[in-house]
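run-v4.txt follows (compact mmCIF, C-alpha atoms):
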```
# COMPACT_ATOMS: atom_id res chain seq x y z
CA MET A 995 140.41 105.15 59.04
CA LYS A 996 138.38 106.93 61.71
CA GLN A 997 135.64 104.72 63.15
CA ASP A 998 132.81 107.13 62.36
CA SER A 999 133.97 107.17 58.73
CA VAL A 1000 134.09 103.36 58.71
CA ASN A 1001 130.50 103.20 59.95
CA ILE A 1002 129.29 105.70 57.36
CA PHE A 1003 130.89 103.87 54.46
CA ASP A 1004 129.75 100.49 55.75
CA GLN A 1005 126.13 101.66 56.00
CA ASN A 1006 126.09 103.59 52.72
CA TRP A 1007 128.29 101.50 50.45
CA GLU A 1008 125.67 101.30 47.69
CA LYS A 1009 125.24 105.07 47.59
CA TYR A 1010 129.02 105.50 47.53
CA ASP A 1011 129.43 103.09 44.63
CA GLN A 1012 126.55 104.64 42.66
CA TRP A 1013 128.23 108.06 42.83
CA TYR A 1014 130.71 106.93 40.18
CA GLU A 1015 127.87 106.00 37.83
CA CYS A 1016 126.33 109.44 38.28
CA HIS A 1017 129.62 111.34 37.71
CA PRO A 1018 131.35 109.49 34.85
CA GLU A 1019 133.36 112.50 33.62
CA VAL A 1020 134.96 113.01 37.04
CA TYR A 1021 135.50 109.29 37.54
CA HIS A 1022 137.15 108.69 34.18
CA SER A 1023 139.28 111.81 34.53
CA GLU A 1024 140.58 110.36 37.79
CA LEU A 1025 141.10 106.89 36.27
CA GLN A 1026 143.13 108.27 33.38
CA THR A 1027 145.31 110.26 35.76
CA LEU A 1028 145.85 107.31 38.08
CA GLU A 1029 146.83 105.18 35.10
CA LYS A 1030 149.82 107.46 34.47
CA SER A 1031 151.43 106.32 37.73
CA LEU A 1032 150.22 102.78 38.40
CA PRO A 1033 152.64 99.99 37.37
CA ASP A 1034 151.22 97.46 34.94
CA ARG A 1035 152.92 94.49 36.59
CA GLY A 1036 153.97 93.17 39.97
CA LEU A 1037 152.13 92.35 43.19
CA GLY A 1038 150.03 95.34 44.20
CA LEU A 1039 147.81 96.42 47.08
CA GLU A 1040 145.26 99.20 47.34
CA ILE A 1041 144.84 100.54 50.87
CA GLY A 1042 141.28 101.77 51.36
CA VAL A 1043 140.06 99.82 48.36
CA GLY A 1044 136.39 100.60 49.04
CA THR A 1045 134.16 98.95 46.46
CA GLY A 1046 137.06 98.44 44.06
CA ARG A 1047 136.26 101.33 41.73
CA PHE A 1048 139.96 102.17 41.30
CA ALA A 1049 141.57 98.77 41.81
CA ALA A 1050 139.40 96.75 39.43
CA PRO A 1051 140.04 98.71 36.20
CA PHE A 1052 143.79 98.20 36.62
CA SER A 1053 143.63 94.63 37.95
CA VAL A 1054 145.21 95.53 41.28
CA PRO A 1055 145.00 92.07 42.83
CA LEU A 1056 144.56 92.83 46.53
CA GLY A 1057 142.56 95.39 48.48
CA LEU A 1058 142.39 96.32 52.15
CA ASP A 1059 139.54 98.18 53.82
CA PRO A 1060 137.89 98.26 57.27
CA SER A 1061 134.35 98.12 55.82
CA LEU A 1062 132.99 94.62 55.24
CA ASN A 1063 130.21 95.79 52.94
CA MET A 1064 132.66 97.70 50.77
CA LEU A 1065 134.93 94.66 50.64
CA ARG A 1066 132.08 92.42 49.48
CA MET A 1067 131.53 94.69 46.49
CA ALA A 1068 135.27 94.83 45.77
CA GLN A 1069 135.39 91.03 45.93
CA SER A 1070 132.60 90.84 43.35
CA ARG A 1071 134.96 92.79 41.06
CA ASN A 1072 137.55 90.01 41.29
CA ILE A 1073 139.73 91.64 43.92
CA LYS A 1074 141.10 89.56 46.78
CA VAL A 1075 140.21 91.41 49.95
CA VAL A 1076 141.48 91.73 53.51
CA GLN A 1077 139.73 93.59 56.30
CA GLY A 1078 142.05 95.97 58.10
CA ARG A 1079 143.35 99.51 58.50
CA GLY A 1080 146.20 101.17 56.68
CA GLU A 1081 147.84 102.37 59.90
CA ASN A 1082 148.34 98.74 60.94
CA LEU A 1083 148.89 96.66 57.80
CA PRO A 1084 148.48 92.90 58.33
CA PHE A 1085 151.20 91.93 55.86
CA GLN A 1086 154.84 90.89 56.09
CA LYS A 1087 157.58 93.40 55.41
CA GLU A 1088 158.70 93.88 51.80
CA THR A 1089 155.71 92.06 50.29
CA PHE A 1090 154.48 94.37 47.52
CA HIS A 1091 155.94 95.81 44.34
CA PHE A 1092 153.51 98.73 44.57
CA ILE A 1093 150.85 100.14 46.89
CA SER A 1094 148.13 102.62 45.94
CA ILE A 1095 146.18 104.87 48.29
CA VAL A 1096 143.33 106.57 46.43
CA ILE A 1097 141.44 109.38 48.24
CA THR A 1098 141.74 107.40 51.50
CA ILE A 1099 144.46 109.56 53.03
CA CYS A 1100 141.92 112.25 53.99
CA PHE A 1101 140.04 109.73 56.15
CA VAL A 1102 142.86 108.21 58.22
CA GLN A 1103 143.72 109.35 61.73
CA ASP A 1104 147.49 109.31 61.22
CA PRO A 1105 148.59 109.78 57.59
CA LEU A 1106 152.30 109.64 58.44
CA LYS A 1107 151.86 106.26 60.11
CA LEU A 1108 149.96 105.09 57.04
CA LEU A 1109 152.90 106.09 54.83
CA GLU A 1110 155.36 104.44 57.21
CA GLN A 1111 153.37 101.22 57.13
CA ALA A 1112 153.30 101.34 53.34
CA HIS A 1113 157.08 101.82 53.32
CA GLU A 1114 157.63 98.76 55.51
CA THR A 1115 155.38 96.60 53.35
CA LEU A 1116 156.94 97.65 50.02
CA GLN A 1117 159.82 95.77 48.50
CA GLN A 1118 163.08 97.66 48.01
CA SER A 1119 162.53 100.34 45.33
CA GLY A 1120 158.80 99.56 45.45
CA GLU A 1121 156.42 102.30 44.37
CA LEU A 1122 153.80 104.13 46.44
CA ILE A 1123 151.01 105.92 44.59
CA VAL A 1124 149.00 108.47 46.60
CA ALA A 1125 145.96 109.93 44.84
CA MET A 1126 144.35 112.77 46.74
CA ILE A 1127 141.98 115.71 46.71
CA ASN A 1128 144.24 118.74 46.90
CA LYS A 1129 143.04 120.93 49.75
CA GLU A 1130 144.31 124.11 48.08
CA SER A 1131 142.50 123.52 44.78
CA SER A 1132 139.02 124.73 43.86
CA TRP A 1133 137.81 121.13 44.23
CA GLY A 1134 139.35 120.89 47.70
CA LYS A 1135 137.56 124.07 48.73
CA PHE A 1136 134.33 122.76 47.18
CA TYR A 1137 134.46 119.50 49.15
CA ARG A 1138 135.33 121.29 52.37
CA GLN A 1139 132.37 123.64 51.94
CA LYS A 1140 129.95 120.77 51.43
CA ALA A 1141 131.51 118.56 54.14
CA SER A 1142 128.95 119.50 56.78
CA ARG A 1143 126.15 118.31 54.47
CA SER A 1144 127.93 115.23 53.14
CA GLN A 1145 127.61 111.77 54.68
CA PHE A 1146 131.03 110.83 53.44
CA TYR A 1147 133.14 113.97 53.79
CA HIS A 1148 132.04 115.46 57.10
CA ALA A 1149 134.76 113.45 58.88
CA ALA A 1150 137.42 114.04 56.22
CA HIS A 1151 140.57 116.05 56.80
CA PHE A 1152 141.94 117.28 53.50
CA TYR A 1153 145.64 117.89 52.93
CA SER A 1154 147.59 120.07 50.56
CA VAL A 1155 150.06 118.41 48.22
CA SER A 1156 152.92 120.14 50.02
CA GLN A 1157 151.81 118.57 53.33
CA ILE A 1158 151.97 115.08 51.84
CA LEU A 1159 155.29 115.77 50.12
CA GLU A 1160 156.71 116.84 53.48
CA MET A 1161 155.67 113.47 54.94
CA PHE A 1162 157.39 111.39 52.25
CA PRO A 1163 160.99 111.77 53.52
CA LYS A 1164 159.84 111.21 57.10
CA ALA A 1165 158.48 107.84 55.93
CA HIS A 1166 161.69 107.15 53.94
CA LEU A 1167 159.96 107.65 50.60
CA GLU A 1168 161.42 109.59 47.69
CA PHE A 1169 159.03 111.65 45.56
CA LYS A 1170 159.32 110.96 41.83
CA THR A 1171 156.45 112.28 39.70
CA ALA A 1172 153.02 113.89 39.86
CA TRP A 1173 149.99 113.97 37.57
CA GLN A 1174 146.82 116.01 37.97
CA THR A 1175 143.30 116.47 36.62
CA LEU A 1176 140.12 118.39 37.50
CA CYS A 1177 141.88 121.67 36.83
CA HIS A 1178 138.58 123.40 36.03
CA SER A 1179 136.29 124.61 38.78
CA PRO A 1180 133.64 122.29 40.26
CA PRO A 1181 131.07 120.96 40.49
CA HIS A 1182 130.21 120.25 36.86
CA ILE A 1183 132.52 119.03 34.14
CA HIS A 1184 131.00 117.88 30.88
CA GLU A 1185 133.80 115.82 29.40
CA VAL A 1186 136.73 113.73 30.59
CA GLU A 1187 139.67 115.96 31.40
CA PRO A 1188 143.05 114.57 30.24
CA PRO A 1189 145.80 114.28 32.85
CA GLN A 1190 148.52 116.92 33.06
CA LYS A 1191 151.95 116.69 34.62
CA GLY A 1192 152.44 118.47 37.92
CA TYR A 1193 150.33 119.14 40.99
CA THR A 1194 149.75 122.89 41.31
CA LYS A 1195 146.42 123.22 39.47
CA GLY A 1196 144.51 119.96 39.79
CA GLY A 1197 141.79 119.05 42.22
CA PHE A 1198 142.76 115.38 41.90
CA VAL A 1199 146.50 114.80 42.19
CA VAL A 1200 148.45 111.55 41.91
CA LEU A 1201 151.87 111.46 43.56
CA LYS A 1202 154.37 108.66 42.97
CA ALA A 1203 157.14 107.93 45.48
CA VAL A 1204 159.74 105.17 45.72
CA LYS A 1205 160.94 103.33 48.80
CA LYS A 1206 164.46 104.44 49.67
```
Same coordinates, now as structure tokens:
Amino acid sequence: MKQDSVNIFDQNWEKYDQWYECHPEVYHSELQTLEKSLPDRGLGLEIGVGTGRFAAPFSVPLGLDPSLNMLRMAQSRNIKVVQGRGENLPFQKETFHFISIVITICFVQDPLKLLEQAHETLQQSGELIVAMINKESSWGKFYRQKASRSQFYHAAHFYSVSQILEMFPKAHLEFKTAWQTLCHSPPHIHEVEPPQKGYTKGGFVVLKAVKK
């Protein structure tokens, strides 16, 4: 993660965490979509775990993040935490059955290196789950428009789904499935939006790939 992003999240971790309380329809739409791809067993890691908002509901046991304040909150949600960056994972090769990266990919300096590191750390046929804001969606455009006024997103670099899919084979990962939500225009949704298969319409897209 870029250092200016690390500093922002470390200084504003409470505001970040409170956002999910203020936007429950968006949050639970994302959780339901993530649930479609996350394995329900095995040793898992979330890279960019933040305050644990996505790891804790699914009992992902381990989280990595560069922000100490975010990690303290994640730890309070019963997640074992490690301080570090996804581009340089401090774990042995072939450790995890699955790795999740939720939103984080838009904040890292080198997303391909992040995927390569995930590949090395996954066991053979291990699963990588990348959940992202799709740059080409109405939500991607919305977040890009407000980036200059947002503490959290001004340093973000959003990607299209096709850009991430092009990186998968370079990192020796094979794309398997995709689920999406937030198919209606932002910023307001008034009920939880069920996940749909595919990735062409959703603002929040979850891609699953397998280690070759």
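Minimum distance to A:Ser1094 across A:Glu1130, A:Asp1034, A:Glu1081, A:Glu1040 (counting only C-alpha atoms) occurs at A:Glu1040.
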Inset, instruction - Point out the residue among A:Tyr1193, A:Phe1146, A:Trp1013, A:Phe1198 with the least atom-to-atom distance to A:Met1126, counting only C-alpha atoms. - result: A:Phe1198
Inset, instruction - Go ahead and compute the interatomic distance for atom CA of A:Gly1080 and atom CA of A:Gly1042, in Å to one decimal. - result: 7.3 Å
Legend entry - Residues within 6 Å of A:Ala1125, all atoms listed in the file, excluding chain neighbours under 5 positions, as an MDAnalysis selection string: chainID A and resid 1096:1097 1199:1200
Please dump the current selection as a short mmCIF file (atom, residue, chain, number, x, y, z; two decimals), in the coordinates of the input; keep C-alpha atoms.
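Saved result, part_33.cif, follows:
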```cif
data_model
loop_
_atom_site.label_atom_id
_atom_site.label_comp_id
_atom_site.auth_asym_id
_atom_site.auth_seq_id
_atom_site.Cartn_x
_atom_site.Cartn_y
_atom_site.Cartn_z
CA VAL A 1096 143.33 106.57 46.43
CA ILE A 1097 141.44 109.38 48.24
CA VAL A 1199 146.50 114.80 42.19
CA VAL A 1200 148.45 111.55 41.91
#
```
Inset, instruction - Return the single residue from A:Gln1174, A:Gln1026, A:Ser1142, A:Gln1103 that is closest to A:Lys1191, with distances computed using only C-alpha atoms. - result: A:Gln1174
Inset, instruction - Work out how far atom CA of A:Ala1141 is from atom CA of A:Ile1099, in Å to one decimal. - result: 15.8 Å
Legend entry - Neighbour list for A:Ser1070 as a list in words, cut-off 12 Å, all atoms listed in the file, skip fewer than 2 positions in-chain: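 In the requested form, the answer reads Gly1044, Thr1045, Gly1046, Arg1047, Ala1050, Asn1063, Met1064, Leu1065, Arg1066, Met1067, Ala1068, Asn1072, Ile1073, Lys1074 and Val1075 of chain A.
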Inset, instruction - Just the residues within 12 Å of A:Ala1150, please, counting all atoms listed in the file, with nothing from its chain fewer than 4 positions along; format it as a list of chain:residue names. - result: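 The contact residues come out as A:Met995, A:Lys996, A:Gln997, A:Asp998, A:Ser999, A:Val1000, A:Ile1002, A:Ile1097, A:Thr1098, A:Ile1099, A:Cys1100, A:Phe1101, A:Val1102, A:Gln1103, A:Met1126, A:Ile1127, A:Lys1129, A:Gly1134, A:Tyr1137, A:Arg1138, A:Gln1139, A:Lys1140, A:Ala1141, A:Ser1142, A:Ser1144, A:Gln1145, A:Phe1146.
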Legend entry - Separation of atom CA of A:Leu1116 from atom CA of A:Gln1157 in Å: 21.8 Å
Legend entry - Exercise: stretch 1176-1178 of chain A partners within 10 Å, only C-alpha atoms, chain neighbours under 3 positions left out, as a list in words: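 My list of contacting residues is Glu1019, Val1020, Ser1023, Glu1024, Thr1027, Ile1127, Ser1131, Ser1132, Trp1133, Pro1181, His1182, Ile1183, Val1186, Glu1187, Pro1188, Pro1189, Gln1190, Tyr1193, Thr1194, Lys1195, Gly1196, Gly1197, Phe1198 and Val1199 of chain A.
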Legend entry - Who sits within 7 Å of A:Lys1205, only C-alpha atoms, same chain under 6 positions skipped, as a count of residues only: 8
Inset, instruction - Give the answer as one residue: which of A:Lys1206, A:His1017, A:His1151, A:Lys1107 has the shortest atom-to-atom distance to A:Pro1180, using all atoms listed in the file? - result: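 With all atoms listed in the file as the atom set, the closest residue is A:His1017.
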Inset, instruction - Using all atoms listed in the file, find the one residue out of A:Tyr1021, A:Phe1052, A:Trp1173, A:Phe1003 that sits nearest to A:Glu1185. - result: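 Counting all atoms listed in the file, the residue closest to A:Glu1185 is A:Tyr1021.
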